[in-house]
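K.L.:
Here you go, one structure.
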Amino acid sequence: MERSGRPVRRWGAAAVASAAAFAVVLPATGAEAASGPSVSAKGAFLLDGNRNRQLWGKDADTKRQMASTTKVMTAVTVLDTKGVDLGKKVTIKQSYRDYVARNGASTADLRTGDKMTVRQLLYGLMLPSGCDAAYALADTFGSGSTEAARTKSFIAKMNKKAADLGMKNTKYDSFDGISRAGANYTTPRDSAQLARHALGNSTFKTVVRTTATRQKAANVNRTYYWDNTNKLLGSYKGAIGIKTGTGTAAGACLVFAAERDGRTVVGVILNDGANRYPDAVKMLDWAYRTKTNVKLRQLPESAQQD
């Protein structure tokens, strides 16, 4: 059996109900807003996922670039497609690999000619943060006669979904977070609302809480090994995802969530330094009124870092 190896560079009976179109995040009560965790992130937000209520925020409505946390919307746009067939097979094109190489992008190391299902591509998108998987999904679910037209169409669908969810301060110009014009931005509040909506989909929730997976191509004897770049998984009690992101302009970003005793908390960190995981732990501990000493899960040397 040929192994692709790990990349070299590197909705359901959920406790969270799917957010309705134009959903409004309720403001924090006076007691909730009185204090909060001290974090170094430039923008941050905590959302009570069950009640759709703000718990705490820091520059919650300031627009910032979001790097690969963009891929949360990529996945949502696919999964919210009417009649989506998760078993549909997609043939990997050389252009997807060329795109990754040209941009020095994070990759699921998809091989030209391999046939992967939409479900498998979602794992390749969300665990190793594969920009090749993002390209494949945008090319498959967009409309038009050329790849350029289809990916542009898909990005338009992402923006339509953002509008439908009431994300007034979010704009996408990219299907994966690589933004040449810098017009790919969100706010901590908007991003938390999207994450809450996404967790209402059982497939999304299953994918993003997976720490590692093996996925076999449908047409060749090749198995892909992907590790989840989110180090909170397997490290913080109750962590269930969601997505990392790192960029020169965006800094270190993290969209995360945890469940404890039937209570779901969603958090967002935008433009942090090396402290995004300690900051996320502080935020979750503050929300759950706990104190946790966390030893982060270590990724294999060959795994994608994002």
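We name chains A, B, ... following the order of the structure tokens; residues begin at 1 in each chain, and ligands are numbered from 1 as shown.
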When DSSP works through the backbone of this structure, what residues of range 49-195 of chain A end up as alpha helix (DSSP H), shown as a PyMOL selection string?
P.N.:
chain A and resi 71-79+94-103+118-126+131-141+147-164+188-195
K.L.:
Write to file, as a CSV table (one decimal), in the first residue's frame, the residues of the selection just made, with C-alpha atoms.
P.N.:
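Final output, selection16.csv:
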```csv
chain,number,residue,atom,x,y,z
A,71,LYS,CA,-12.1,27.3,6.3
A,72,VAL,CA,-14.9,27.1,8.9
A,73,MET,CA,-17.0,29.0,6.3
A,74,THR,CA,-15.6,26.8,3.5
A,75,ALA,CA,-16.9,23.8,5.3
A,76,VAL,CA,-20.3,25.4,6.3
A,77,THR,CA,-20.9,26.5,2.7
A,78,VAL,CA,-20.4,22.9,1.5
A,79,LEU,CA,-22.5,21.3,4.3
A,94,GLN,CA,-2.8,19.0,-10.6
A,95,SER,CA,-3.9,22.6,-10.4
A,96,TYR,CA,-4.8,22.0,-6.7
A,97,ARG,CA,-1.2,20.9,-5.9
A,98,ASP,CA,0.2,23.7,-8.1
A,99,TYR,CA,-1.8,26.2,-6.1
A,100,VAL,CA,-0.3,25.0,-2.8
A,101,ALA,CA,3.2,25.0,-4.2
A,102,ARG,CA,2.8,28.5,-5.7
A,103,ASN,CA,1.6,30.0,-2.4
A,118,VAL,CA,-16.5,15.2,-0.1
A,119,ARG,CA,-16.5,13.9,3.4
A,120,GLN,CA,-12.8,13.0,3.2
A,121,LEU,CA,-12.0,16.4,1.7
A,122,LEU,CA,-13.7,18.0,4.7
A,123,TYR,CA,-11.2,16.1,6.9
A,124,GLY,CA,-8.4,17.2,4.7
A,125,LEU,CA,-9.7,20.8,5.0
A,126,MET,CA,-10.1,21.0,8.7
A,131,CYS,CA,-5.6,24.5,1.0
A,132,ASP,CA,-5.6,21.9,-1.7
A,133,ALA,CA,-8.7,20.4,-0.1
A,134,ALA,CA,-10.2,23.9,0.1
A,135,TYR,CA,-9.5,24.4,-3.6
A,136,ALA,CA,-11.1,21.0,-4.5
A,137,LEU,CA,-14.2,21.8,-2.6
A,138,ALA,CA,-14.6,25.3,-4.0
A,139,ASP,CA,-14.0,24.0,-7.5
A,140,THR,CA,-16.6,21.2,-7.0
A,141,PHE,CA,-19.3,23.3,-5.3
A,147,GLU,CA,-11.9,26.7,-12.3
A,148,ALA,CA,-11.5,30.5,-11.8
A,149,ALA,CA,-15.3,31.0,-12.4
A,150,ARG,CA,-16.2,28.2,-10.0
A,151,THR,CA,-13.9,29.3,-7.2
A,152,LYS,CA,-15.2,32.9,-7.6
A,153,SER,CA,-18.7,31.6,-7.4
A,154,PHE,CA,-18.0,29.6,-4.3
A,155,ILE,CA,-16.5,32.6,-2.5
A,156,ALA,CA,-19.7,34.5,-3.4
A,157,LYS,CA,-21.7,31.7,-1.8
A,158,MET,CA,-19.5,32.1,1.3
A,159,ASN,CA,-20.4,35.8,1.5
A,160,LYS,CA,-24.0,35.0,0.9
A,161,LYS,CA,-24.0,32.6,3.8
A,162,ALA,CA,-22.3,35.2,6.0
A,163,ALA,CA,-25.0,37.7,5.2
A,164,ASP,CA,-27.7,35.1,5.9
A,188,PRO,CA,-14.5,37.8,17.0
A,189,ARG,CA,-18.2,38.1,17.4
A,190,ASP,CA,-19.1,37.2,13.8
A,191,SER,CA,-16.7,34.3,13.9
A,192,ALA,CA,-18.2,32.9,17.1
A,193,GLN,CA,-21.7,33.1,15.6
A,194,LEU,CA,-20.5,31.2,12.6
A,195,ALA,CA,-18.9,28.5,14.8
```
K.L.:
Could you pull the residues within 7 Å of range 263-270 of chain A, counting only C-alpha atoms, minus those fewer than 2 positions along the same chain, as a PyMOL selection string?
P.N.:
chain A and resi 15-16+41-50+66+188+191-192+196+252-261+272+276
K.L.:
Mind listing the strand (DSSP E) residues of range 213-301 of chain A, per DSSP on the backbone, as a PyMOL selection string?
P.N.:
chain A and resi 213-216+222-227+239-247+251-260+263-272
K.L.:
Which distance in Å separates CA of Pro300 in chain A and CA of Gly241 in chain A, to one decimal?
P.N.:
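Result for CA of Pro300 in chain A versus CA of Gly241 in chain A: 18.6 Å, one decimal.
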K.L.:
Between A:Ile242, A:Ala287, A:Val294, A:Leu86, single out the one closest to Thr206 in chain A, counting only C-alpha atoms.
P.N.:
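Between A:Ile242, A:Ala287, A:Val294, A:Leu86, the residue approaching Thr206 in chain A most closely is A:Ile242.
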K.L.:
Using only C-alpha atoms, what does the table of range 106-164 of chain A residues within 8 Å of range 211-224 of chain A look like, with each row giving the shortest atom pair and its distance in Å to one decimal, sorted by chain and ascending number, as CSV?
P.N.:
```
residue,atom,partner,partner_atom,distance
A:Asp114,CA,A:Ala217,CA,6.0
A:Lys115,CA,A:Ala218,CA,5.4
A:Met116,CA,A:Ala217,CA,5.5
A:Thr117,CA,A:Ala218,CA,7.9
A:Gln120,CA,A:Gln215,CA,6.7
A:Tyr123,CA,A:Thr213,CA,8.0
A:Leu127,CA,A:Ala212,CA,7.5
```
K.L.:
Measuring between only C-alpha atoms, which one of A:Ser202, A:Gln305, A:Thr62, A:Thr210 shows the shortest distance to Asp80 in chain A?
P.N.:
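Of the candidates, the smallest distance to Asp80 in chain A is held by A:Ser202.
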K.L.:
Select, from A:Arg297, A:Ser38, A:Asn275, A:Thr248, the residue with the minimum atom-to-atom distance to Ile178 in chain A, counting only C-alpha atoms.
P.N.:
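Selected residue with least distance to Ile178 in chain A: A:Thr248.
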K.L.:
Contacts of Arg180 in chain A at 12 Å or less, counting only C-alpha atoms, minus same-chain residues fewer than 3 places along, as a PyMOL selection string?
P.N.:
chain A and resi 65+67+103+172-174+176-177+183-184+247-249
K.L.:
Mind writing the picked residues with all heavy atoms as a PDB file, in the first residue's frame?
P.N.:
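Written out: out.pdb:
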```pdb
ATOM      1  N   GLN A  65      -8.072  40.256   9.822  1.00  0.00           N
ATOM      2  CA  GLN A  65      -7.873  39.093   8.962  1.00  0.00           C
ATOM      3  C   GLN A  65      -7.911  37.826   9.807  1.00  0.00           C
ATOM      4  O   GLN A  65      -7.575  37.846  10.990  1.00  0.00           O
ATOM      5  CB  GLN A  65      -6.565  39.222   8.191  1.00  0.00           C
ATOM      6  CG  GLN A  65      -6.601  40.332   7.146  1.00  0.00           C
ATOM      7  CD  GLN A  65      -5.496  40.203   6.114  1.00  0.00           C
ATOM      8  OE1 GLN A  65      -5.221  39.118   5.610  1.00  0.00           O
ATOM      9  NE2 GLN A  65      -4.860  41.327   5.800  1.00  0.00           N
ATOM     10  N   ALA A  67      -6.926  34.415   8.484  1.00  0.00           N
ATOM     11  CA  ALA A  67      -6.092  33.290   8.028  1.00  0.00           C
ATOM     12  C   ALA A  67      -6.957  32.053   7.759  1.00  0.00           C
ATOM     13  O   ALA A  67      -8.055  32.171   7.218  1.00  0.00           O
ATOM     14  CB  ALA A  67      -4.993  33.013   9.052  1.00  0.00           C
ATOM     15  N   ASN A 103       1.821  29.086  -3.553  1.00  0.00           N
ATOM     16  CA  ASN A 103       1.563  29.972  -2.422  1.00  0.00           C
ATOM     17  C   ASN A 103       2.274  29.555  -1.135  1.00  0.00           C
ATOM     18  O   ASN A 103       2.144  30.237  -0.117  1.00  0.00           O
ATOM     19  CB  ASN A 103       0.053  30.034  -2.155  1.00  0.00           C
ATOM     20  CG  ASN A 103      -0.697  30.790  -3.232  1.00  0.00           C
ATOM     21  OD1 ASN A 103      -0.676  32.016  -3.265  1.00  0.00           O
ATOM     22  ND2 ASN A 103      -1.350  30.055  -4.128  1.00  0.00           N
ATOM     23  N   TYR A 172     -15.316  37.667   2.703  1.00  0.00           N
ATOM     24  CA  TYR A 172     -14.386  36.662   2.198  1.00  0.00           C
ATOM     25  C   TYR A 172     -13.949  37.021   0.786  1.00  0.00           C
ATOM     26  O   TYR A 172     -14.776  37.358  -0.060  1.00  0.00           O
ATOM     27  CB  TYR A 172     -15.045  35.275   2.180  1.00  0.00           C
ATOM     28  CG  TYR A 172     -15.459  34.796   3.545  1.00  0.00           C
ATOM     29  CD1 TYR A 172     -16.784  34.939   3.983  1.00  0.00           C
ATOM     30  CD2 TYR A 172     -14.542  34.213   4.411  1.00  0.00           C
ATOM     31  CE1 TYR A 172     -17.169  34.516   5.241  1.00  0.00           C
ATOM     32  CE2 TYR A 172     -14.921  33.779   5.672  1.00  0.00           C
ATOM     33  CZ  TYR A 172     -16.234  33.934   6.079  1.00  0.00           C
ATOM     34  OH  TYR A 172     -16.609  33.518   7.331  1.00  0.00           O
ATOM     35  N   ASP A 173     -12.655  36.984   0.540  1.00  0.00           N
ATOM     36  CA  ASP A 173     -12.153  37.083  -0.834  1.00  0.00           C
ATOM     37  C   ASP A 173     -11.319  35.855  -1.167  1.00  0.00           C
ATOM     38  O   ASP A 173     -10.566  35.840  -2.127  1.00  0.00           O
ATOM     39  CB  ASP A 173     -11.353  38.375  -1.056  1.00  0.00           C
ATOM     40  CG  ASP A 173      -9.995  38.381  -0.350  1.00  0.00           C
ATOM     41  OD1 ASP A 173      -9.679  37.425   0.397  1.00  0.00           O
ATOM     42  OD2 ASP A 173      -9.236  39.358  -0.548  1.00  0.00           O
ATOM     43  N   SER A 174     -11.485  34.813  -0.337  1.00  0.00           N
ATOM     44  CA  SER A 174     -10.648  33.620  -0.426  1.00  0.00           C
ATOM     45  C   SER A 174     -11.431  32.423   0.076  1.00  0.00           C
ATOM     46  O   SER A 174     -12.256  32.539   0.979  1.00  0.00           O
ATOM     47  CB  SER A 174      -9.389  33.833   0.435  1.00  0.00           C
ATOM     48  OG  SER A 174      -8.739  32.624   0.709  1.00  0.00           O
ATOM     49  N   ASP A 176      -9.779  29.856   1.344  1.00  0.00           N
ATOM     50  CA  ASP A 176      -8.912  29.176   2.305  1.00  0.00           C
ATOM     51  C   ASP A 176      -8.184  30.104   3.268  1.00  0.00           C
ATOM     52  O   ASP A 176      -7.494  29.644   4.174  1.00  0.00           O
ATOM     53  CB  ASP A 176      -7.879  28.319   1.568  1.00  0.00           C
ATOM     54  CG  ASP A 176      -7.006  29.119   0.598  1.00  0.00           C
ATOM     55  OD1 ASP A 176      -7.172  30.357   0.521  1.00  0.00           O
ATOM     56  OD2 ASP A 176      -6.163  28.508  -0.088  1.00  0.00           O
ATOM     57  N   GLY A 177      -8.303  31.401   3.083  1.00  0.00           N
ATOM     58  CA  GLY A 177      -7.629  32.341   3.959  1.00  0.00           C
ATOM     59  C   GLY A 177      -6.430  33.022   3.346  1.00  0.00           C
ATOM     60  O   GLY A 177      -5.857  33.942   3.929  1.00  0.00           O
ATOM     61  N   ALA A 183      -8.606  41.607   1.800  1.00  0.00           N
ATOM     62  CA  ALA A 183     -10.041  41.828   1.998  1.00  0.00           C
ATOM     63  C   ALA A 183     -10.729  40.544   2.433  1.00  0.00           C
ATOM     64  O   ALA A 183     -11.782  40.173   1.924  1.00  0.00           O
ATOM     65  CB  ALA A 183     -10.667  42.367   0.714  1.00  0.00           C
ATOM     66  N   ASN A 184     -10.129  39.862   3.375  1.00  0.00           N
ATOM     67  CA  ASN A 184     -10.669  38.611   3.917  1.00  0.00           C
ATOM     68  C   ASN A 184     -10.643  38.770   5.438  1.00  0.00           C
ATOM     69  O   ASN A 184      -9.628  38.534   6.078  1.00  0.00           O
ATOM     70  CB  ASN A 184      -9.807  37.423   3.480  1.00  0.00           C
ATOM     71  CG  ASN A 184     -10.487  36.090   3.721  1.00  0.00           C
ATOM     72  OD1 ASN A 184     -11.309  35.666   2.923  1.00  0.00           O
ATOM     73  ND2 ASN A 184     -10.126  35.428   4.807  1.00  0.00           N
ATOM     74  N   GLY A 247      -1.183  33.637   9.961  1.00  0.00           N
ATOM     75  CA  GLY A 247      -0.777  34.399   8.791  1.00  0.00           C
ATOM     76  C   GLY A 247       0.052  35.603   9.204  1.00  0.00           C
ATOM     77  O   GLY A 247       0.000  36.040  10.356  1.00  0.00           O
ATOM     78  N   THR A 248       0.801  36.147   8.265  1.00  0.00           N
ATOM     79  CA  THR A 248       1.647  37.295   8.557  1.00  0.00           C
ATOM     80  C   THR A 248       0.823  38.474   9.045  1.00  0.00           C
ATOM     81  O   THR A 248       1.132  39.103  10.060  1.00  0.00           O
ATOM     82  CB  THR A 248       2.447  37.699   7.311  1.00  0.00           C
ATOM     83  OG1 THR A 248       3.238  36.579   6.881  1.00  0.00           O
ATOM     84  CG2 THR A 248       3.365  38.872   7.611  1.00  0.00           C
ATOM     85  N   ALA A 249      -0.239  38.788   8.318  1.00  0.00           N
ATOM     86  CA  ALA A 249      -1.105  39.902   8.707  1.00  0.00           C
ATOM     87  C   ALA A 249      -2.096  39.503   9.788  1.00  0.00           C
ATOM     88  O   ALA A 249      -2.437  40.297  10.668  1.00  0.00           O
ATOM     89  CB  ALA A 249      -1.854  40.433   7.492  1.00  0.00           C
TER      90      ALA A 249
END
```
K.L.:
Pick from A:Asn52, A:Ala250, A:Asp61, A:Gln298: nearest to Thr170 in chain A, with only C-alpha atoms counted?
P.N.:
A:Asp61
K.L.:
With distances taken over only C-alpha atoms, which residue among A:Leu232, A:Val90, A:Met283, A:Leu165 lies nearest Leu55 in chain A?
P.N.:
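Closest candidate: A:Met283.
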K.L.:
Between A:Tyr225, A:Arg209, A:Tyr277, A:Ser35, which is the closest to Asp109 in chain A once you count only C-alpha atoms?
P.N.:
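Among the listed residues, the smallest separation from Asp109 in chain A belongs to A:Tyr225.
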